[in-house]
Amino acid sequence: MAFDLAGRLAAQQQAQRYRRHVCVQGPQGPLLQIDGREYLAFASNDYLGLASHPQVVEALQQGAGRWGVGGGSAHLVTGHMQPHEELAQALADWTGREAALLFGSGYQANLAVLTALLQAGDHLLHDRLNHASLLDGGRLSGARFQRYLHNDMTSLAGHLARCQGDTMIATDGVFSMDGDLAPLPDICTLAGQHGAWVMVDDAHGIGVLGESGAGTLEHYGLDARQVPVLMGTLGKALGTSGAFVAGSRELIESLIQFARPYIYTTSSSPAVACATLASVRLAREDNDRRAHLQELIRLFRHEAALLGLPLVDSPTAIQPLLVGDSGRALAMSQRLRELGIWVTAIRPPTVPEGGARLRITLTAGHSREQVEQLLTALEQVHGEFANV
């Protein structure tokens, strides 16, 4: 056989990097049924607890009854239906942009933007810890691709000084593995000085940050002029699936004309668009969910500091506990499962070498008592593995 798949799989296992599916036997929520056992789960990106919200479920059911389940064709054929149009308009309004375009996933959206806007001879500057979809989109774009040190403005300024011609800076708004925020005001200042565009992947900020939940840009008070390209996902805080890109009408029209991942893909389910529209309304109007989530974050970080748990300095719902060794991270995750707590071990290459961690995520669906239960389990497991 030309491809040594067995050898590659064995090497993956040897390096403690083997990935396996987990089959969840019920709806998303703080309590998950997995392999016939109930776990208190801190591994979901359903930050506002909307994935199983009754109003979202009802909107999906009613949408399916009226509009059917499938889009039938690409958006530019007959697949762009009224629920898609209403959702795109709602997302544009929420984020303070002229227009928005829907995609099947954040990965697809990032590939679409970067390959449609950039070409050979352009420059693309990436934060070193950007999501894989941004990095892959940059490689496929044909632009001159460089990575600056994580959140390091001196490093970014040095790269910008060497760029000649059209330049884009691409960054996560909230970094998915560390939970920290990009210093977007500083990035935008540098971009303005060098005539560069800024693109923000706000997958983990939309719904969670900002007064109305419009994300990291609202949190910082930045507008569409400072950040021309905004990408957000619908499958995290909004609890459904898909993604969107929001910006000027000229940007959106350019993506419609030139973004191959958009042009040649069947549209997403109109029923899911109906459900997402309900999620957007809940996210905008129900500030209590964000307030409760922020309270849980403060509680967790305060108590974890008293326990001496080695957390990353994150102000968001993503609270990584650094472990270092991949095998140790896997063992700690398994021990937590024995105690009825589901927390995922994240290992290289998703994180840098030596950066294995337990990625703990808090949601508005959790209670204070459940967070206290998590802290008790983490204290026990961290103590058991302190000298391993």
# chains A, B, ... in the order shown; residues from 1 in each chain; ligands from 1
>>> closest_atom_pairs(of="region 171-210 of chain A", to="region 84-101 of chain A", cutoff="12 Å", atoms="only C-alpha atoms", output="JSON lines")
{"residue": "A:Asp202", "atom": "CA", "partner": "A:Thr95", "partner_atom": "CA", "distance": 11.1}
{"residue": "A:Gly205", "atom": "CA", "partner": "A:Thr95", "partner_atom": "CA", "distance": 11.7}
{"residue": "A:Ile206", "atom": "CA", "partner": "A:Thr95", "partner_atom": "CA", "distance": 9.1}
{"residue": "A:Gly207", "atom": "CA", "partner": "A:Trp94", "partner_atom": "CA", "distance": 10.1}
{"residue": "A:Leu209", "atom": "CA", "partner": "A:Thr95", "partner_atom": "CA", "distance": 11.8}
{"residue": "A:Gly210", "atom": "CA", "partner": "A:Thr95", "partner_atom": "CA", "distance": 10.4}
>>> write_last_selection(atoms="C-alpha atoms", output="PDB file, in the first residue's frame")
ATOM      1  CA  ASP A 202     -14.524  36.262  17.052  1.00  0.00           C
ATOM      2  CA  GLY A 205     -16.390  36.320  21.726  1.00  0.00           C
ATOM      3  CA  ILE A 206     -19.734  36.591  19.934  1.00  0.00           C
ATOM      4  CA  GLY A 207     -22.602  36.325  22.412  1.00  0.00           C
ATOM      5  CA  LEU A 209     -18.455  39.786  25.403  1.00  0.00           C
ATOM      6  CA  GLY A 210     -19.776  43.325  25.042  1.00  0.00           C
TER       7      GLY A 210
END
>>> select_by_dssp(residues="region 137-386 of chain A", states="alpha helix (DSSP H)", output="MDAnalysis selection string")
chainID A and resid 137:141 153:161 184:194 216:220 249:258 260:263 270:285 287:307 326:338 368:384
>>> closest_residue(among="A:Asn110, A:Thr361, A:Ser52, A:Ser212", to="Asn287 (chain A)", atoms="only C-alpha atoms")
A:Ser212
>>> residues_around(residues="Ala304 (chain A)", least_positions_apart="6", cutoff="10 Å", atoms="only C-alpha atoms", output="ChimeraX atom specification")
/A:298,310-311,321,372,375-376,378-379
>>> write_last_selection(atoms="all heavy atoms", output="PDB file, in the first residue's frame")
ATOM      1  N   ARG A 298     -15.490  34.635  37.753  1.00  0.00           N
ATOM      2  CA  ARG A 298     -14.828  35.242  38.916  1.00  0.00           C
ATOM      3  C   ARG A 298     -14.729  34.250  40.070  1.00  0.00           C
ATOM      4  O   ARG A 298     -13.684  34.153  40.726  1.00  0.00           O
ATOM      5  CB  ARG A 298     -15.597  36.491  39.348  1.00  0.00           C
ATOM      6  CG  ARG A 298     -15.440  37.676  38.397  1.00  0.00           C
ATOM      7  CD  ARG A 298     -15.998  38.952  39.011  1.00  0.00           C
ATOM      8  NE  ARG A 298     -17.453  38.888  39.163  1.00  0.00           N
ATOM      9  CZ  ARG A 298     -18.307  39.296  38.239  1.00  0.00           C
ATOM     10  NH1 ARG A 298     -17.874  39.783  37.088  1.00  0.00           N
ATOM     11  NH2 ARG A 298     -19.618  39.225  38.454  1.00  0.00           N
ATOM     12  N   PRO A 310      -2.708  25.839  38.602  1.00  0.00           N
ATOM     13  CA  PRO A 310      -1.949  26.607  37.599  1.00  0.00           C
ATOM     14  C   PRO A 310      -2.797  26.980  36.383  1.00  0.00           C
ATOM     15  O   PRO A 310      -2.705  26.362  35.323  1.00  0.00           O
ATOM     16  CB  PRO A 310      -0.815  25.657  37.220  1.00  0.00           C
ATOM     17  CG  PRO A 310      -1.398  24.282  37.414  1.00  0.00           C
ATOM     18  CD  PRO A 310      -2.344  24.401  38.581  1.00  0.00           C
ATOM     19  N   LEU A 311      -3.602  28.021  36.510  1.00  0.00           N
ATOM     20  CA  LEU A 311      -4.451  28.464  35.419  1.00  0.00           C
ATOM     21  C   LEU A 311      -3.715  29.445  34.517  1.00  0.00           C
ATOM     22  O   LEU A 311      -2.828  30.177  34.957  1.00  0.00           O
ATOM     23  CB  LEU A 311      -5.707  29.146  35.957  1.00  0.00           C
ATOM     24  CG  LEU A 311      -6.700  28.301  36.758  1.00  0.00           C
ATOM     25  CD1 LEU A 311      -7.872  29.177  37.172  1.00  0.00           C
ATOM     26  CD2 LEU A 311      -7.193  27.104  35.954  1.00  0.00           C
ATOM     27  N   LEU A 321      -6.201  24.795  32.531  1.00  0.00           N
ATOM     28  CA  LEU A 321      -5.313  24.409  33.632  1.00  0.00           C
ATOM     29  C   LEU A 321      -4.088  23.751  33.023  1.00  0.00           C
ATOM     30  O   LEU A 321      -4.172  22.667  32.436  1.00  0.00           O
ATOM     31  CB  LEU A 321      -6.025  23.457  34.589  1.00  0.00           C
ATOM     32  CG  LEU A 321      -5.338  23.157  35.918  1.00  0.00           C
ATOM     33  CD1 LEU A 321      -6.378  22.816  36.987  1.00  0.00           C
ATOM     34  CD2 LEU A 321      -4.348  21.996  35.805  1.00  0.00           C
ATOM     35  N   GLU A 372     -18.371  24.733  42.222  1.00  0.00           N
ATOM     36  CA  GLU A 372     -17.715  24.312  43.467  1.00  0.00           C
ATOM     37  C   GLU A 372     -17.382  22.825  43.415  1.00  0.00           C
ATOM     38  O   GLU A 372     -16.325  22.391  43.886  1.00  0.00           O
ATOM     39  CB  GLU A 372     -18.619  24.613  44.667  1.00  0.00           C
ATOM     40  CG  GLU A 372     -18.863  26.087  44.931  1.00  0.00           C
ATOM     41  CD  GLU A 372     -17.687  26.783  45.604  1.00  0.00           C
ATOM     42  OE1 GLU A 372     -16.625  26.149  45.774  1.00  0.00           O
ATOM     43  OE2 GLU A 372     -17.840  27.975  45.942  1.00  0.00           O
ATOM     44  N   LEU A 375     -14.275  22.441  41.344  1.00  0.00           N
ATOM     45  CA  LEU A 375     -13.085  22.868  42.076  1.00  0.00           C
ATOM     46  C   LEU A 375     -12.635  21.809  43.074  1.00  0.00           C
ATOM     47  O   LEU A 375     -11.434  21.552  43.223  1.00  0.00           O
ATOM     48  CB  LEU A 375     -13.374  24.192  42.790  1.00  0.00           C
ATOM     49  CG  LEU A 375     -13.441  25.420  41.880  1.00  0.00           C
ATOM     50  CD1 LEU A 375     -14.193  26.548  42.569  1.00  0.00           C
ATOM     51  CD2 LEU A 375     -12.039  25.864  41.487  1.00  0.00           C
ATOM     52  N   THR A 376     -13.577  21.179  43.744  1.00  0.00           N
ATOM     53  CA  THR A 376     -13.235  20.109  44.692  1.00  0.00           C
ATOM     54  C   THR A 376     -12.537  18.959  43.975  1.00  0.00           C
ATOM     55  O   THR A 376     -11.522  18.421  44.449  1.00  0.00           O
ATOM     56  CB  THR A 376     -14.498  19.604  45.402  1.00  0.00           C
ATOM     57  OG1 THR A 376     -15.095  20.675  46.135  1.00  0.00           O
ATOM     58  CG2 THR A 376     -14.179  18.469  46.349  1.00  0.00           C
ATOM     59  N   LEU A 378     -10.941  19.118  41.036  1.00  0.00           N
ATOM     60  CA  LEU A 378      -9.640  19.559  40.530  1.00  0.00           C
ATOM     61  C   LEU A 378      -8.597  19.595  41.632  1.00  0.00           C
ATOM     62  O   LEU A 378      -7.439  19.218  41.413  1.00  0.00           O
ATOM     63  CB  LEU A 378      -9.780  20.953  39.907  1.00  0.00           C
ATOM     64  CG  LEU A 378     -10.512  21.051  38.574  1.00  0.00           C
ATOM     65  CD1 LEU A 378     -10.702  22.510  38.171  1.00  0.00           C
ATOM     66  CD2 LEU A 378      -9.766  20.291  37.468  1.00  0.00           C
ATOM     67  N   GLU A 379      -8.989  20.031  42.813  1.00  0.00           N
ATOM     68  CA  GLU A 379      -8.045  20.039  43.932  1.00  0.00           C
ATOM     69  C   GLU A 379      -7.555  18.626  44.231  1.00  0.00           C
ATOM     70  O   GLU A 379      -6.346  18.392  44.430  1.00  0.00           O
ATOM     71  CB  GLU A 379      -8.716  20.623  45.173  1.00  0.00           C
ATOM     72  CG  GLU A 379      -7.802  20.660  46.389  1.00  0.00           C
ATOM     73  CD  GLU A 379      -8.503  21.146  47.640  1.00  0.00           C
ATOM     74  OE1 GLU A 379      -9.755  21.090  47.690  1.00  0.00           O
ATOM     75  OE2 GLU A 379      -7.801  21.580  48.582  1.00  0.00           O
TER      76      GLU A 379
END
>>> residues_around(residues="region 63-65 of chain A", least_positions_apart="5", cutoff="12 Å", atoms="only C-alpha atoms", output="number ranges by chain")
A: 55-58, 70-71, 81-84, 269-278
>>> residues_around(residues="Ile341 (chain A)", least_positions_apart="5", cutoff="7 Å", atoms="only C-alpha atoms", output="PyMOL selection string")
chain A and resi 39-41+336+374
>>> select_by_dssp(residues="region 188-385 of chain A", states="strand (DSSP E)", output="short mmCIF file (atom, residue, chain, number, x, y, z; two decimals) with C-alpha atoms, in the first residue's frame")
data_model
loop_
_atom_site.label_atom_id
_atom_site.label_comp_id
_atom_site.auth_asym_id
_atom_site.auth_seq_id
_atom_site.Cartn_x
_atom_site.Cartn_y
_atom_site.Cartn_z
CA TRP A 197 -6.74 45.84 7.11
CA VAL A 198 -7.71 43.94 10.27
CA MET A 199 -9.69 40.69 10.28
CA VAL A 200 -10.98 39.27 13.59
CA ASP A 201 -12.16 35.71 14.12
CA VAL A 229 -13.67 42.03 8.47
CA LEU A 230 -15.50 40.25 11.30
CA MET A 231 -16.08 36.50 11.41
CA GLY A 232 -18.27 34.92 14.05
CA THR A 233 -19.56 31.41 14.61
CA ALA A 243 -20.84 31.00 10.86
CA PHE A 244 -21.05 34.46 9.36
CA VAL A 245 -18.85 37.21 8.00
CA ALA A 246 -19.98 40.81 8.57
CA GLY A 247 -18.67 44.04 7.08
CA ILE A 318 -12.19 29.36 28.67
CA GLN A 319 -10.13 28.47 31.75
CA PRO A 320 -7.15 26.24 30.86
CA LEU A 321 -5.31 24.41 33.63
CA LEU A 322 -1.72 23.93 32.48
CA VAL A 323 -0.30 20.42 32.79
CA GLY A 324 2.62 20.28 30.33
CA ILE A 341 -16.43 15.33 35.91
CA TRP A 342 -15.94 15.63 32.14
CA THR A 344 -11.07 17.46 27.96
CA ALA A 345 -7.28 17.11 27.72
CA ILE A 346 -5.83 19.28 24.94
CA ALA A 356 -0.81 20.22 27.23
CA ARG A 357 -3.65 21.33 29.44
CA LEU A 358 -7.11 20.60 30.75
CA ARG A 359 -9.40 22.98 28.85
CA ILE A 360 -12.16 23.92 31.27
CA THR A 361 -15.11 25.86 29.87
#
>>> closest_residue(among="A:Ala377, A:Leu222, A:Ala317, A:Val24", to="Met177 (chain A)", atoms="only C-alpha atoms")
A:Ala317
>>> closest_residue(among="A:Pro352, A:Leu9, A:Val113, A:Ile169", to="Phe258 (chain A)", atoms="only C-alpha atoms")
A:Val113
>>> closest_residue(among="A:Gly142, A:Leu184, A:Pro27, A:Phe42", to="Ser333 (chain A)", atoms="only C-alpha atoms")
A:Phe42
>>> closest_residue(among="A:Leu50, A:Met332, A:Val227, A:Ala196", to="Gln380 (chain A)", atoms="only C-alpha atoms")
A:Met332
